$ cat model_25.csv   # CSV, C-alpha atoms and all ligand atoms
chain,number,residue,atom,x,y,z
A,1,MET,CA,-29.7,6.1,-52.6
A,2,ALA,CA,-29.3,7.2,-56.2
A,3,VAL,CA,-32.3,9.3,-57.3
A,4,SER,CA,-33.4,9.8,-60.9
A,5,ARG,CA,-30.8,11.2,-63.2
A,6,LYS,CA,-30.9,14.9,-63.6
A,7,ARG,CA,-29.2,17.0,-66.3
A,8,PHE,CA,-26.9,19.6,-65.0
A,9,SER,CA,-25.2,22.5,-66.7
A,10,VAL,CA,-21.7,23.7,-66.6
A,11,SER,CA,-20.4,27.0,-67.7
A,12,THR,CA,-17.3,27.8,-69.6
A,13,LEU,CA,-15.2,31.0,-70.1
A,14,SER,CA,-14.0,31.8,-73.6
A,15,ALA,CA,-10.5,32.9,-74.3
A,16,ASP,CA,-11.9,35.9,-76.1
A,17,SER,CA,-11.2,39.5,-75.1
A,18,SER,CA,-14.5,39.8,-73.4
A,19,VAL,CA,-16.0,36.9,-71.5
A,20,ILE,CA,-18.9,34.8,-72.7
A,21,TRP,CA,-20.4,31.6,-71.4
A,22,ASP,CA,-21.9,28.6,-72.9
A,23,THR,CA,-24.2,26.8,-70.6
A,24,ASN,CA,-24.9,23.9,-72.8
A,25,LEU,CA,-23.3,20.8,-71.4
A,26,GLU,CA,-22.9,19.2,-74.8
A,27,ASN,CA,-20.7,22.1,-75.9
A,28,ALA,CA,-18.8,22.5,-72.8
A,29,PRO,CA,-15.4,20.9,-72.6
A,30,GLY,CA,-15.4,21.0,-68.8
A,31,ASP,CA,-12.8,23.7,-68.6
A,32,CYS,CA,-14.2,26.5,-66.5
A,33,GLY,CA,-12.1,29.3,-67.7
A,34,ASN,CA,-8.8,29.5,-66.2
A,35,GLY,CA,-8.0,25.9,-66.7
A,36,SER,CA,-7.9,25.3,-62.9
A,37,ALA,CA,-11.1,23.4,-62.5
A,38,ARG,CA,-12.0,20.4,-64.6
A,39,ILE,CA,-14.9,18.0,-64.0
A,40,SER,CA,-13.5,14.9,-62.5
A,41,PRO,CA,-15.2,11.5,-63.1
A,42,CYS,CA,-16.3,11.6,-59.5
A,43,GLU,CA,-18.1,14.9,-60.0
A,44,THR,CA,-19.7,13.7,-63.2
A,45,HIS,CA,-20.9,10.6,-61.4
A,46,LEU,CA,-22.3,12.6,-58.4
A,47,ARG,CA,-24.0,15.2,-60.6
A,48,THR,CA,-25.6,12.8,-62.9
A,49,GLN,CA,-26.9,10.5,-60.2
A,50,TYR,CA,-28.1,13.0,-57.6
A,51,HIS,CA,-29.9,16.4,-57.6
A,52,PHE,CA,-27.1,18.9,-57.2
A,53,ALA,CA,-27.9,21.3,-60.0
A,54,ALA,CA,-28.2,24.3,-57.7
A,55,ILE,CA,-24.8,23.8,-56.1
A,56,ILE,CA,-22.2,25.3,-58.5
A,57,GLY,CA,-18.5,24.5,-58.1
A,58,HIS,CA,-15.8,22.1,-59.2
A,59,HIS,CA,-13.4,22.7,-56.3
A,60,GLU,CA,-12.4,19.6,-54.4
A,61,SER,CA,-13.9,21.0,-51.2
A,62,ILE,CA,-17.3,21.2,-52.9
A,63,ILE,CA,-17.0,17.8,-54.5
A,64,SER,CA,-16.3,16.3,-51.0
A,65,ILE,CA,-19.4,17.9,-49.7
A,66,LEU,CA,-21.5,16.6,-52.6
A,67,LYS,CA,-20.1,13.1,-51.8
A,68,ILE,CA,-21.0,13.3,-48.2
A,69,VAL,CA,-24.5,14.5,-49.1
A,70,SER,CA,-24.9,11.6,-51.5
A,71,GLN,CA,-23.9,9.2,-48.8
A,72,VAL,CA,-26.1,10.5,-45.9
A,73,ALA,CA,-29.0,12.2,-47.7
A,74,ASP,CA,-31.3,9.1,-47.4
A,75,THR,CA,-30.4,8.2,-43.9
A,76,SER,CA,-32.0,9.7,-40.8
A,77,ALA,CA,-28.7,10.9,-39.4
A,78,THR,CA,-28.7,14.5,-38.1
A,79,VAL,CA,-26.4,16.8,-40.0
A,80,LEU,CA,-24.7,19.9,-38.7
A,81,ILE,CA,-23.5,22.3,-41.4
A,82,GLN,CA,-21.0,24.9,-40.2
A,83,GLY,CA,-19.6,27.8,-42.2
A,84,GLU,CA,-19.5,31.5,-42.6
A,85,SER,CA,-22.5,33.5,-43.7
A,86,GLY,CA,-23.2,33.2,-47.5
A,87,THR,CA,-21.2,30.0,-48.0
A,88,GLY,CA,-24.3,27.9,-49.1
A,89,LYS,CA,-25.3,26.1,-45.9
A,90,GLU,CA,-29.0,26.3,-46.7
A,91,LEU,CA,-28.4,25.1,-50.3
A,92,VAL,CA,-26.7,22.0,-48.9
A,93,ALA,CA,-29.5,21.5,-46.4
A,94,ARG,CA,-32.0,21.6,-49.3
A,95,SER,CA,-29.9,19.2,-51.3
A,96,LEU,CA,-29.9,16.7,-48.4
A,97,HIS,CA,-33.7,16.9,-48.5
A,98,ASP,CA,-34.0,16.8,-52.3
A,99,ASN,CA,-31.8,13.6,-52.4
A,100,SER,CA,-33.8,11.7,-49.8
A,101,ARG,CA,-37.0,9.8,-49.8
A,102,ARG,CA,-38.5,12.7,-47.9
A,103,ARG,CA,-38.3,15.0,-50.9
A,104,SER,CA,-42.0,14.9,-51.7
A,105,LYS,CA,-42.7,16.1,-48.1
A,106,PRO,CA,-42.0,19.6,-46.7
A,107,PHE,CA,-38.6,21.2,-46.3
A,108,VAL,CA,-39.0,23.7,-43.5
A,109,PRO,CA,-36.3,26.3,-42.8
A,110,ILE,CA,-36.4,28.0,-39.5
A,111,ASN,CA,-34.1,30.8,-38.5
A,112,CYS,CA,-33.6,30.3,-34.7
A,113,GLY,CA,-31.8,33.7,-34.4
A,114,ALA,CA,-34.6,35.7,-36.0
A,115,MET,CA,-37.3,35.2,-33.3
A,116,PRO,CA,-37.6,35.7,-29.6
A,117,GLU,CA,-37.6,32.5,-27.5
A,118,ASN,CA,-41.3,32.3,-26.9
A,119,LEU,CA,-42.2,32.8,-30.5
A,120,LEU,CA,-39.7,30.2,-31.7
A,121,GLU,CA,-41.1,27.7,-29.1
A,122,THR,CA,-44.7,28.1,-30.3
A,123,GLU,CA,-43.7,28.1,-34.0
A,124,LEU,CA,-41.6,25.0,-33.6
A,125,PHE,CA,-43.6,22.9,-31.2
A,126,GLY,CA,-47.0,24.5,-31.7
A,127,HIS,CA,-49.5,25.6,-29.0
A,128,VAL,CA,-53.0,24.8,-27.9
A,129,ARG,CA,-55.8,27.3,-27.8
A,130,GLY,CA,-55.7,29.4,-24.6
A,131,ALA,CA,-52.0,28.5,-23.9
A,132,PHE,CA,-51.3,32.2,-23.6
A,133,THR,CA,-53.0,35.6,-24.1
A,134,GLY,CA,-53.8,35.8,-27.8
A,135,ALA,CA,-53.7,32.1,-28.5
A,136,VAL,CA,-57.2,32.0,-29.9
A,137,ARG,CA,-56.8,28.8,-31.8
A,138,ASP,CA,-54.5,25.7,-31.9
A,139,ASN,CA,-51.3,26.0,-33.8
A,140,PRO,CA,-49.9,22.7,-35.0
A,141,GLY,CA,-46.3,24.0,-35.1
A,142,TRP,CA,-43.6,23.3,-37.7
A,143,LEU,CA,-42.6,19.9,-36.4
A,144,GLN,CA,-46.1,18.7,-37.1
A,145,ARG,CA,-46.4,20.5,-40.5
A,146,ALA,CA,-43.0,19.1,-41.5
A,147,ASP,CA,-44.0,15.5,-40.7
A,148,GLY,CA,-42.3,13.1,-43.0
A,149,GLY,CA,-40.0,15.9,-44.2
A,150,THR,CA,-36.9,17.8,-43.1
A,151,ILE,CA,-36.6,20.7,-40.7
A,152,PHE,CA,-33.7,23.0,-41.2
A,153,LEU,CA,-32.7,24.8,-38.0
A,154,ASP,CA,-30.6,27.7,-39.2
A,155,GLU,CA,-28.4,29.6,-36.6
A,156,VAL,CA,-29.1,26.8,-34.1
A,157,CYS,CA,-26.4,28.3,-31.8
A,158,GLU,CA,-29.0,31.1,-31.0
A,159,MET,CA,-31.4,28.6,-29.3
A,160,SER,CA,-32.1,29.3,-25.7
A,161,PRO,CA,-31.1,26.7,-23.0
A,162,SER,CA,-34.7,25.6,-22.4
A,163,LEU,CA,-35.4,25.1,-26.1
A,164,GLN,CA,-32.2,23.2,-26.5
A,165,VAL,CA,-33.6,20.7,-23.9
A,166,LYS,CA,-36.8,20.3,-25.8
A,167,LEU,CA,-35.0,19.8,-29.1
A,168,LEU,CA,-32.7,17.2,-27.6
A,169,ARG,CA,-35.8,15.2,-26.6
A,170,VAL,CA,-37.2,15.4,-30.1
A,171,LEU,CA,-33.9,14.1,-31.4
A,172,GLN,CA,-33.7,11.3,-28.9
A,173,THR,CA,-37.3,10.1,-28.8
A,174,GLY,CA,-39.1,11.9,-31.5
A,175,ASP,CA,-41.7,13.3,-29.0
A,176,TYR,CA,-42.5,16.7,-27.6
A,177,SER,CA,-45.4,18.6,-26.1
A,178,PRO,CA,-46.9,21.7,-27.6
A,179,VAL,CA,-47.0,24.9,-25.5
A,180,GLY,CA,-49.9,24.7,-23.0
A,181,ASN,CA,-50.4,21.0,-23.3
A,182,THR,CA,-48.8,18.1,-21.4
A,183,GLN,CA,-49.8,15.4,-23.9
A,184,HIS,CA,-47.0,14.0,-25.9
A,185,ARG,CA,-46.9,14.2,-29.7
A,186,THR,CA,-44.6,12.3,-31.9
A,187,CYS,CA,-43.1,13.5,-35.2
A,188,ASP,CA,-41.1,12.0,-38.0
A,189,VAL,CA,-38.7,14.7,-39.1
A,190,ARG,CA,-35.2,14.7,-40.3
A,191,VAL,CA,-33.2,17.5,-38.5
A,192,VAL,CA,-30.5,19.4,-40.3
A,193,ALA,CA,-28.9,22.3,-38.4
A,194,ALA,CA,-26.6,25.1,-39.3
A,195,THR,CA,-24.4,27.6,-37.6
A,196,ASN,CA,-22.0,30.3,-38.6
A,197,LYS,CA,-20.5,30.3,-35.1
A,198,ASP,CA,-18.1,27.7,-33.8
A,199,LEU,CA,-20.5,25.5,-31.9
A,200,ARG,CA,-17.7,23.4,-30.3
A,201,ALA,CA,-16.3,26.7,-28.8
A,202,LEU,CA,-19.8,27.6,-27.5
A,203,VAL,CA,-20.0,24.2,-25.8
A,204,LYS,CA,-16.6,24.8,-24.1
A,205,GLN,CA,-17.9,28.2,-22.9
A,206,GLY,CA,-21.0,26.5,-21.5
A,207,ARG,CA,-23.3,28.4,-23.9
A,208,PHE,CA,-24.5,25.3,-25.8
A,209,ARG,CA,-25.4,21.9,-24.4
A,210,ASP,CA,-22.7,19.3,-25.1
A,211,ASP,CA,-25.3,16.5,-25.3
A,212,LEU,CA,-27.2,18.4,-28.0
A,213,PHE,CA,-24.1,19.3,-29.8
A,214,TYR,CA,-23.1,15.6,-30.2
A,215,ARG,CA,-26.6,14.7,-31.2
A,216,LEU,CA,-26.6,17.3,-33.9
A,217,ASN,CA,-23.1,16.7,-35.0
A,218,VAL,CA,-23.6,13.1,-36.1
A,219,ILE,CA,-22.5,14.1,-39.6
A,220,ASP,CA,-20.7,17.4,-39.9
A,221,ILE,CA,-20.2,19.4,-43.0
A,222,GLU,CA,-17.8,22.4,-43.1
A,223,MET,CA,-18.6,24.9,-45.8
A,224,PRO,CA,-15.4,26.5,-47.3
A,225,ARG,CA,-15.1,30.3,-47.6
A,226,LEU,CA,-15.3,31.4,-51.2
A,227,ALA,CA,-11.7,32.7,-50.8
A,228,GLN,CA,-10.7,29.1,-50.2
A,229,ARG,CA,-12.1,28.0,-53.6
A,230,ARG,CA,-11.1,30.9,-55.8
A,231,SER,CA,-11.1,28.6,-58.9
A,232,ASP,CA,-14.9,28.5,-58.7
A,233,ILE,CA,-15.4,32.3,-58.9
A,234,SER,CA,-15.6,32.5,-62.7
A,235,LEU,CA,-18.0,29.6,-62.8
A,236,LEU,CA,-20.2,31.2,-60.2
A,237,VAL,CA,-20.0,34.5,-62.0
A,238,ALA,CA,-21.2,32.8,-65.2
A,239,HIS,CA,-24.0,31.1,-63.3
A,240,PHE,CA,-25.3,34.3,-61.7
A,241,VAL,CA,-25.0,36.2,-65.0
A,242,GLU,CA,-27.2,33.7,-66.6
A,243,VAL,CA,-29.7,33.7,-63.7
A,244,TYR,CA,-30.0,37.5,-63.5
A,245,ALA,CA,-29.8,38.2,-67.3
A,246,LYS,CA,-32.8,36.0,-67.6
A,247,GLN,CA,-34.6,37.6,-64.7
A,248,PHE,CA,-34.0,41.1,-66.0
A,249,GLY,CA,-34.8,40.2,-69.6
A,250,LYS,CA,-31.3,41.1,-70.9
A,251,ALA,CA,-29.5,39.1,-73.7
A,252,ASN,CA,-25.8,38.3,-74.2
A,253,VAL,CA,-24.7,39.8,-70.9
A,254,ARG,CA,-21.0,39.4,-70.2
A,255,PHE,CA,-18.2,40.7,-68.0
A,256,SER,CA,-15.2,42.6,-69.4
A,257,ASP,CA,-11.8,41.1,-68.7
A,258,ASP,CA,-11.0,44.0,-66.5
A,259,ALA,CA,-14.1,43.6,-64.4
A,260,LEU,CA,-13.7,39.9,-64.1
A,261,ALA,CA,-10.0,40.3,-63.1
A,262,LEU,CA,-11.2,42.6,-60.2
A,263,LEU,CA,-13.7,40.0,-59.1
A,264,LEU,CA,-11.1,37.2,-59.2
A,265,ALA,CA,-8.8,39.3,-56.9
A,266,HIS,CA,-11.6,40.2,-54.4
A,267,ASP,CA,-11.6,38.7,-50.9
A,268,PHE,CA,-15.4,38.1,-50.7
A,269,PRO,CA,-15.9,38.4,-47.0
A,270,GLY,CA,-19.6,37.8,-47.7
A,271,ASN,CA,-18.8,34.7,-49.7
A,272,VAL,CA,-21.1,33.4,-52.5
A,273,ARG,CA,-24.0,35.7,-51.4
A,274,GLU,CA,-21.7,38.8,-51.9
A,275,LEU,CA,-20.6,37.5,-55.3
A,276,GLU,CA,-24.2,36.9,-56.3
A,277,ASN,CA,-25.3,40.4,-55.2
A,278,ILE,CA,-22.3,42.0,-57.1
A,279,VAL,CA,-23.2,40.1,-60.3
A,280,GLN,CA,-26.9,41.0,-59.9
A,281,ARG,CA,-26.0,44.7,-59.5
A,282,GLY,CA,-23.7,44.5,-62.6
A,283,VAL,CA,-26.4,42.9,-64.7
A,284,ALA,CA,-28.9,45.5,-63.6
A,285,LEU,CA,-26.6,48.5,-64.3
A,286,THR,CA,-25.2,47.6,-67.7
A,287,GLU,CA,-26.8,49.4,-70.6
A,288,ASP,CA,-25.0,47.6,-73.4
A,289,ALA,CA,-24.7,44.1,-71.9
A,290,LEU,CA,-21.0,44.5,-71.1
A,291,ILE,CA,-20.4,44.7,-67.3
A,292,ARG,CA,-17.3,46.9,-66.8
A,293,SER,CA,-15.3,47.7,-63.7
A,294,ASP,CA,-17.4,50.9,-63.2
A,295,HIS,CA,-20.4,48.7,-62.7
A,296,LEU,CA,-18.8,47.0,-59.7
A,297,PRO,CA,-19.1,48.3,-56.1
A,298,LEU,CA,-16.3,50.3,-54.5
A,299,CYS,CA,-15.3,47.5,-52.2
A,300,VAL,CA,-14.2,45.6,-55.3
A,301,THR,CA,-12.7,48.4,-57.4
A,302,GLU,CA,-11.1,50.3,-54.5
A,303,PRO,CA,-10.3,47.6,-51.9
A,304,LEU,CA,-8.0,49.7,-49.9
A,305,HIS,CA,-10.6,52.5,-49.7
A,306,GLY,CA,-13.4,51.2,-47.5
A,307,ARG,CA,-11.5,48.7,-45.4
A,308,SER,CA,-12.3,49.0,-41.8
A,309,ALA,CA,-10.1,47.8,-38.9
A,310,GLY,CA,-10.3,44.1,-38.4
A,311,GLN,CA,-11.2,43.2,-42.0
A,312,SER,CA,-8.7,40.9,-43.7
A,313,PHE,CA,-6.0,42.3,-46.0
A,314,SER,CA,-5.4,40.9,-49.5
A,315,ALA,CA,-2.1,39.3,-50.1
A,316,PHE,CA,0.7,41.9,-50.8
A,317,LYS,CA,1.0,40.7,-54.4
A,318,VAL,CA,-2.8,41.1,-55.1
A,319,SER,CA,-3.0,44.6,-53.5
A,320,LYS,CA,0.1,45.8,-55.4
A,321,GLN,CA,-1.3,44.5,-58.7
A,322,ARG,CA,-4.5,46.4,-58.1
A,323,VAL,CA,-2.7,49.7,-57.3
A,324,VAL,CA,-0.5,49.2,-60.4
A,325,GLU,CA,-3.5,48.6,-62.6
A,326,ARG,CA,-5.3,51.6,-61.3
A,327,PHE,CA,-2.2,53.7,-62.0
A,328,GLU,CA,-1.7,52.3,-65.5
A,329,ARG,CA,-5.4,53.0,-66.4
A,330,GLU,CA,-5.2,56.6,-65.4
A,331,TYR,CA,-1.8,57.1,-66.9
A,332,VAL,CA,-2.8,55.8,-70.3
A,333,LYS,CA,-5.9,58.0,-70.2
A,334,ASP,CA,-3.8,61.1,-69.3
A,335,CYS,CA,-1.4,60.5,-72.2
A,336,LEU,CA,-4.3,60.2,-74.7
A,337,MET,CA,-5.9,63.3,-73.2
A,338,VAL,CA,-2.7,65.3,-73.8
A,339,THR,CA,-2.3,64.0,-77.4
A,340,GLN,CA,-6.0,64.3,-78.1
A,341,GLY,CA,-6.4,60.6,-78.8
A,342,ASN,CA,-3.3,60.2,-81.0
A,343,ILE,CA,-2.0,56.7,-79.9
A,344,SER,CA,1.4,57.0,-81.5
A,345,ASN,CA,2.1,60.4,-79.8
A,346,ALA,CA,0.7,59.1,-76.6
A,347,ALA,CA,3.1,56.1,-76.6
A,348,ASN,CA,6.0,58.4,-77.4
A,349,LEU,CA,5.0,60.6,-74.5
A,350,ALA,CA,4.9,57.6,-72.2
A,351,GLY,CA,8.2,56.4,-73.5
A,352,ILE,CA,6.9,53.0,-74.3
A,353,ASP,CA,6.6,51.1,-77.5
A,354,ILE,CA,3.3,51.6,-79.4
A,355,LYS,CA,2.3,47.9,-79.4
A,356,ASN,CA,2.7,47.9,-75.6
A,357,PHE,CA,0.7,51.1,-75.3
A,358,TYR,CA,-2.1,49.6,-77.4
A,359,THR,CA,-2.1,46.4,-75.4
A,360,LYS,CA,-2.7,48.5,-72.2
A,361,MET,CA,-5.5,50.4,-73.9
A,362,LYS,CA,-7.2,47.2,-74.8
A,363,LYS,CA,-6.7,45.8,-71.3
A,364,TYR,CA,-8.3,48.8,-69.7
A,365,GLU,CA,-10.9,49.1,-72.5
A,366,ILE,CA,-9.8,52.7,-73.3
A,367,ASP,CA,-11.2,54.1,-76.5
A,368,ALA,CA,-8.8,56.6,-78.2
A,369,HIS,CA,-11.7,58.2,-80.1
A,370,SER,CA,-13.2,59.5,-76.9
A,371,PHE,CA,-10.1,61.8,-76.5
A,372,LYS,CA,-10.3,63.3,-79.9
A,373,VAL,CA,-11.4,66.9,-80.0
A,374,GLN,CA,-14.7,67.2,-81.8
A,375,ALA,CA,-14.8,69.9,-84.6
A,376,ASP,CA,-17.9,72.1,-84.2
A,401,LIG,N1,-22.2,26.7,-54.5
A,401,LIG,C1,-23.2,27.6,-54.8
A,401,LIG,N2,-23.7,27.6,-56.0
A,401,LIG,C2,-24.7,28.5,-56.3
A,401,LIG,N3,-25.2,29.4,-55.5
A,401,LIG,C3,-24.7,29.4,-54.2
A,401,LIG,C4,-23.7,28.5,-53.8
A,401,LIG,N4,-23.4,28.8,-52.5
A,401,LIG,C5,-24.3,29.7,-52.2
A,401,LIG,N5,-25.0,30.1,-53.2
A,401,LIG,C6,-26.0,31.2,-53.2
A,401,LIG,O1,-25.6,32.2,-52.3
A,401,LIG,C7,-26.7,32.6,-51.5
A,401,LIG,C8,-26.4,32.3,-50.0
A,401,LIG,O2,-26.5,30.9,-49.8
A,401,LIG,P1,-27.1,30.3,-48.5
A,401,LIG,O3,-28.3,31.0,-48.0
A,401,LIG,O4,-27.3,28.8,-48.7
A,401,LIG,O5,-25.9,30.6,-47.5
A,401,LIG,P2,-25.8,30.4,-45.9
A,401,LIG,O6,-24.5,29.8,-45.6
A,401,LIG,O7,-27.0,29.7,-45.4
A,401,LIG,O8,-25.8,31.9,-45.4
A,401,LIG,P3,-26.3,32.5,-43.9
A,401,LIG,O9,-25.4,32.0,-42.9
A,401,LIG,O10,-26.1,34.0,-44.1
A,401,LIG,O11,-27.7,32.1,-43.8
A,401,LIG,C9,-27.9,32.0,-52.0
A,401,LIG,O12,-28.6,32.8,-52.9
A,401,LIG,C10,-27.4,30.7,-52.7
A,401,LIG,O13,-28.2,30.3,-53.7
A,402,MG,MG,-28.6,30.4,-44.2

$ encode --input "model_25.csv" --output "structure tokens"
Amino acid sequence: MAVSRKRFSVSTLSADSSVIWDTNLENAPGDCGNGSARISPCETHLRTQYHFAAIIGHHESIISILKIVSQVADTSATVLIQGESGTGKELVARSLHDNSRRRSKPFVPINCGAMPENLLETELFGHVRGAFTGAVRDNPGWLQRADGGTIFLDEVCEMSPSLQVKLLRVLQTGDYSPVGNTQHRTCDVRVVAATNKDLRALVKQGRFRDDLFYRLNVIDIEMPRLAQRRSDISLLVAHFVEVYAKQFGKANVRFSDDALALLLAHDFPGNVRELENIVQRGVALTEDALIRSDHLPLCVTEPLHGRSAGQSFSAFKVSKQRVVERFEREYVKDCLMVTQGNISNAANLAGIDIKNFYTKMKKYEIDAHSFKVQAD
């Protein structure tokens, strides 16, 4: 079902030496910075016909997901969203709700891994007064509170075997019994589930019921890792700069080329959430609105430093480029230090042409004046 048209914003990167963004769609040519991601007619259609404003990305993997969401949002089919932590599973679950007829009713996210079994059971199915010590009044439970809406079962893989049975019954018949009561209740909720573990593998190991798996997996959505859609990084950076600059009351915040290049080369094991936190940190730390590489965390600027066993390695080319850049930055600074900020002498000392030396100074944002000796 196509819902009311909603404007969306896209972000662009300028070709300037520092990076600025224009979030006004009318001014945006659709090029998101490195020329690798353009808005396709399909994306334009999806974004103008459905509510997808919160989901940033032009990568084909994201567009396929938007397409599936648009096709199934207004059905009652159960959706299973799989993907690593921070890839946007909850965002997609919300967009399923927002694009359905249920959107005026509650969207209830429940983290099945964050509660002990008994608590999860009473929170989900409710309980009657006296059901257990401390149950001084009836609790309707989230299934009842979400009636007519959507319930989002995050980390569904953590559900105990007995709760899996109860959930299966809800999915098959729509009915259940609150804790301490044998009377049946019925509910009308759409179930969306998510997991960051391979649920099929857990079924094979006998740790998750296969009948429940098939019931949840009617529609499956696989969220890509951020490293699998690198062309969206600059777009996401622009989006989060805008969000946090507004939140922190800062104007014209932008990333330096150098800092952005480091982000573009980062692996993002924590996916979009990690990127969001890095941008938030940069916006908070910058004093003059320019986010430089020294505003980035060590895991981005010194990737070889804090890597523990088991973490993935960057490609050889990327790692080598980082080391070369680190060396060049320090080398140029050293030359300027020796020549007290005289660029021509520094270039001579390095044995490279002055134009080349100057280009490197610009690339690494090195100011020759800071090496001049001040006269007292
Ligand atoms: N495509 C995206 N566009 C904009 N923001 C995004 C996108 N994907 C994720 N985010 C943001 O990243 C953060 C993490 O997203 P979300 O909570 O949906 O991830 P998740 O897959 O549910 O993670 P977890 O498995 O840890 O619960 C949120 O702040 C969300 O708004
Ligand atoms: Mg989540």

$ closest_residue --input "model_25.csv" --among "A:Val69, A:Leu199, A:Ala194, A:Leu212" --to "ligand LIG 401 (chain A)" --atoms "only C-alpha atoms and all ligand atoms"
A:Ala194

$ closest_residue --input "model_25.csv" --among "A:Leu285, A:Leu298, A:Leu168, A:Ile81" --to "ligand LIG 401 (chain A)" --atoms "only C-alpha atoms and all ligand atoms"
A:Ile81

$ residues_around --input "model_25.csv" --residues "region 239-241 of chain A" --least-positions-apart "6" --cutoff "8 Å" --atoms "all atoms listed in the file" --output "PDB file with C-alpha atoms, keeping the file's coordinate frame"
ATOM      1  CA  SER A  11     -20.400  27.000 -67.700  1.00  0.00           C
ATOM      2  CA  ILE A  56     -22.200  25.300 -58.500  1.00  0.00           C
ATOM      3  CA  VAL A 253     -24.700  39.800 -70.900  1.00  0.00           C
ATOM      4  CA  ARG A 254     -21.000  39.400 -70.200  1.00  0.00           C
ATOM      5  CA  GLU A 276     -24.200  36.900 -56.300  1.00  0.00           C
ATOM      6  CA  VAL A 279     -23.200  40.100 -60.300  1.00  0.00           C
ATOM      7  CA  GLN A 280     -26.900  41.000 -59.900  1.00  0.00           C
ATOM      8  CA  VAL A 283     -26.400  42.900 -64.700  1.00  0.00           C
TER       9      VAL A 283
END

$ residues_near_ligand --input "model_25.csv" --ligand "ligand MG 402 (chain A)" --cutoff "10 Å" --atoms "all atoms listed in the file" --output "ChimeraX atom specification"
/A:81,83-93,109-111,152-155,193-196

$ closest_residue --input "model_25.csv" --among "A:Phe371, A:Tyr364, A:Phe125, A:Phe268" --to "ligand LIG 401 (chain A)" --atoms "all atoms listed in the file"
A:Phe268

$ closest_residue --input "model_25.csv" --among "A:Thr182, A:Gln82, A:Ser256, A:Gln321" --to "ligand LIG 401 (chain A)" --atoms "all atoms listed in the file"
A:Gln82

$ closest_residue --input "model_25.csv" --among "A:Gly57, A:Ile221, A:Arg281, A:His369" --to "Ala245 (chain A)" --atoms "only C-alpha atoms"
A:Arg281

$ atom_distance --input "model_25.csv" --atom1 "CA of Leu202 (chain A)" --atom2 "CA of Ser162 (chain A)"
15.9 Å

$ residues_around --input "model_25.csv" --residues "Lys204 (chain A)" --least-positions-apart "6" --cutoff "12 Å" --atoms "only C-alpha atoms" --output "PyMOL selection string"
chain A and resi 198+210+213

$ closest_residue --input "model_25.csv" --among "A:His59, A:Arg102, A:Phe52, A:Pro297" --to "Asp74 (chain A)" --atoms "only C-alpha atoms"
A:Arg102

$ atom_distance --input "model_25.csv" --atom1 "atom N1 of ligand LIG 401 (chain A)" --atom2 "CA of Tyr214 (chain A)"
26.7 Å

$ atom_distance --input "model_25.csv" --atom1 "atom C8 of ligand LIG 401 (chain A)" --atom2 "CA of Arg273 (chain A)"
4.4 Å

$ build_atoms --input "model_25.csv" --residues "region 68-79 of chain A" --atoms "N, CA and C atoms" --output "compact mmCIF listing (two decimals), in the coordinates of the input"
# COMPACT_ATOMS: atom_id res chain seq x y z
N ILE A 68 -20.43 13.60 -49.47
CA ILE A 68 -21.00 13.30 -48.20
C ILE A 68 -22.55 13.38 -48.25
N VAL A 69 -23.05 14.41 -48.95
CA VAL A 69 -24.50 14.50 -49.10
C VAL A 69 -25.09 13.29 -49.75
N SER A 70 -24.41 12.83 -50.80
CA SER A 70 -24.90 11.60 -51.50
C SER A 70 -24.95 10.43 -50.59
N GLN A 71 -23.97 10.37 -49.67
CA GLN A 71 -23.90 9.20 -48.80
C GLN A 71 -24.92 9.23 -47.65
N VAL A 72 -25.22 10.44 -47.16
CA VAL A 72 -26.10 10.50 -45.90
C VAL A 72 -27.48 11.01 -46.19
N ALA A 73 -27.74 11.54 -47.41
CA ALA A 73 -29.00 12.20 -47.70
C ALA A 73 -30.20 11.26 -47.28
N ASP A 74 -30.10 10.01 -47.65
CA ASP A 74 -31.30 9.10 -47.40
C ASP A 74 -31.20 8.36 -46.14
N THR A 75 -30.42 8.84 -45.20
CA THR A 75 -30.40 8.20 -43.90
C THR A 75 -31.17 9.20 -42.94
N SER A 76 -31.36 8.77 -41.70
CA SER A 76 -32.00 9.70 -40.80
C SER A 76 -31.03 10.45 -39.92
N ALA A 77 -29.74 10.29 -40.23
CA ALA A 77 -28.70 10.90 -39.40
C ALA A 77 -28.84 12.46 -39.41
N THR A 78 -28.68 13.03 -38.23
CA THR A 78 -28.70 14.50 -38.10
C THR A 78 -27.44 15.06 -38.69
N VAL A 79 -27.58 16.19 -39.39
CA VAL A 79 -26.40 16.80 -40.00
C VAL A 79 -26.22 18.21 -39.48
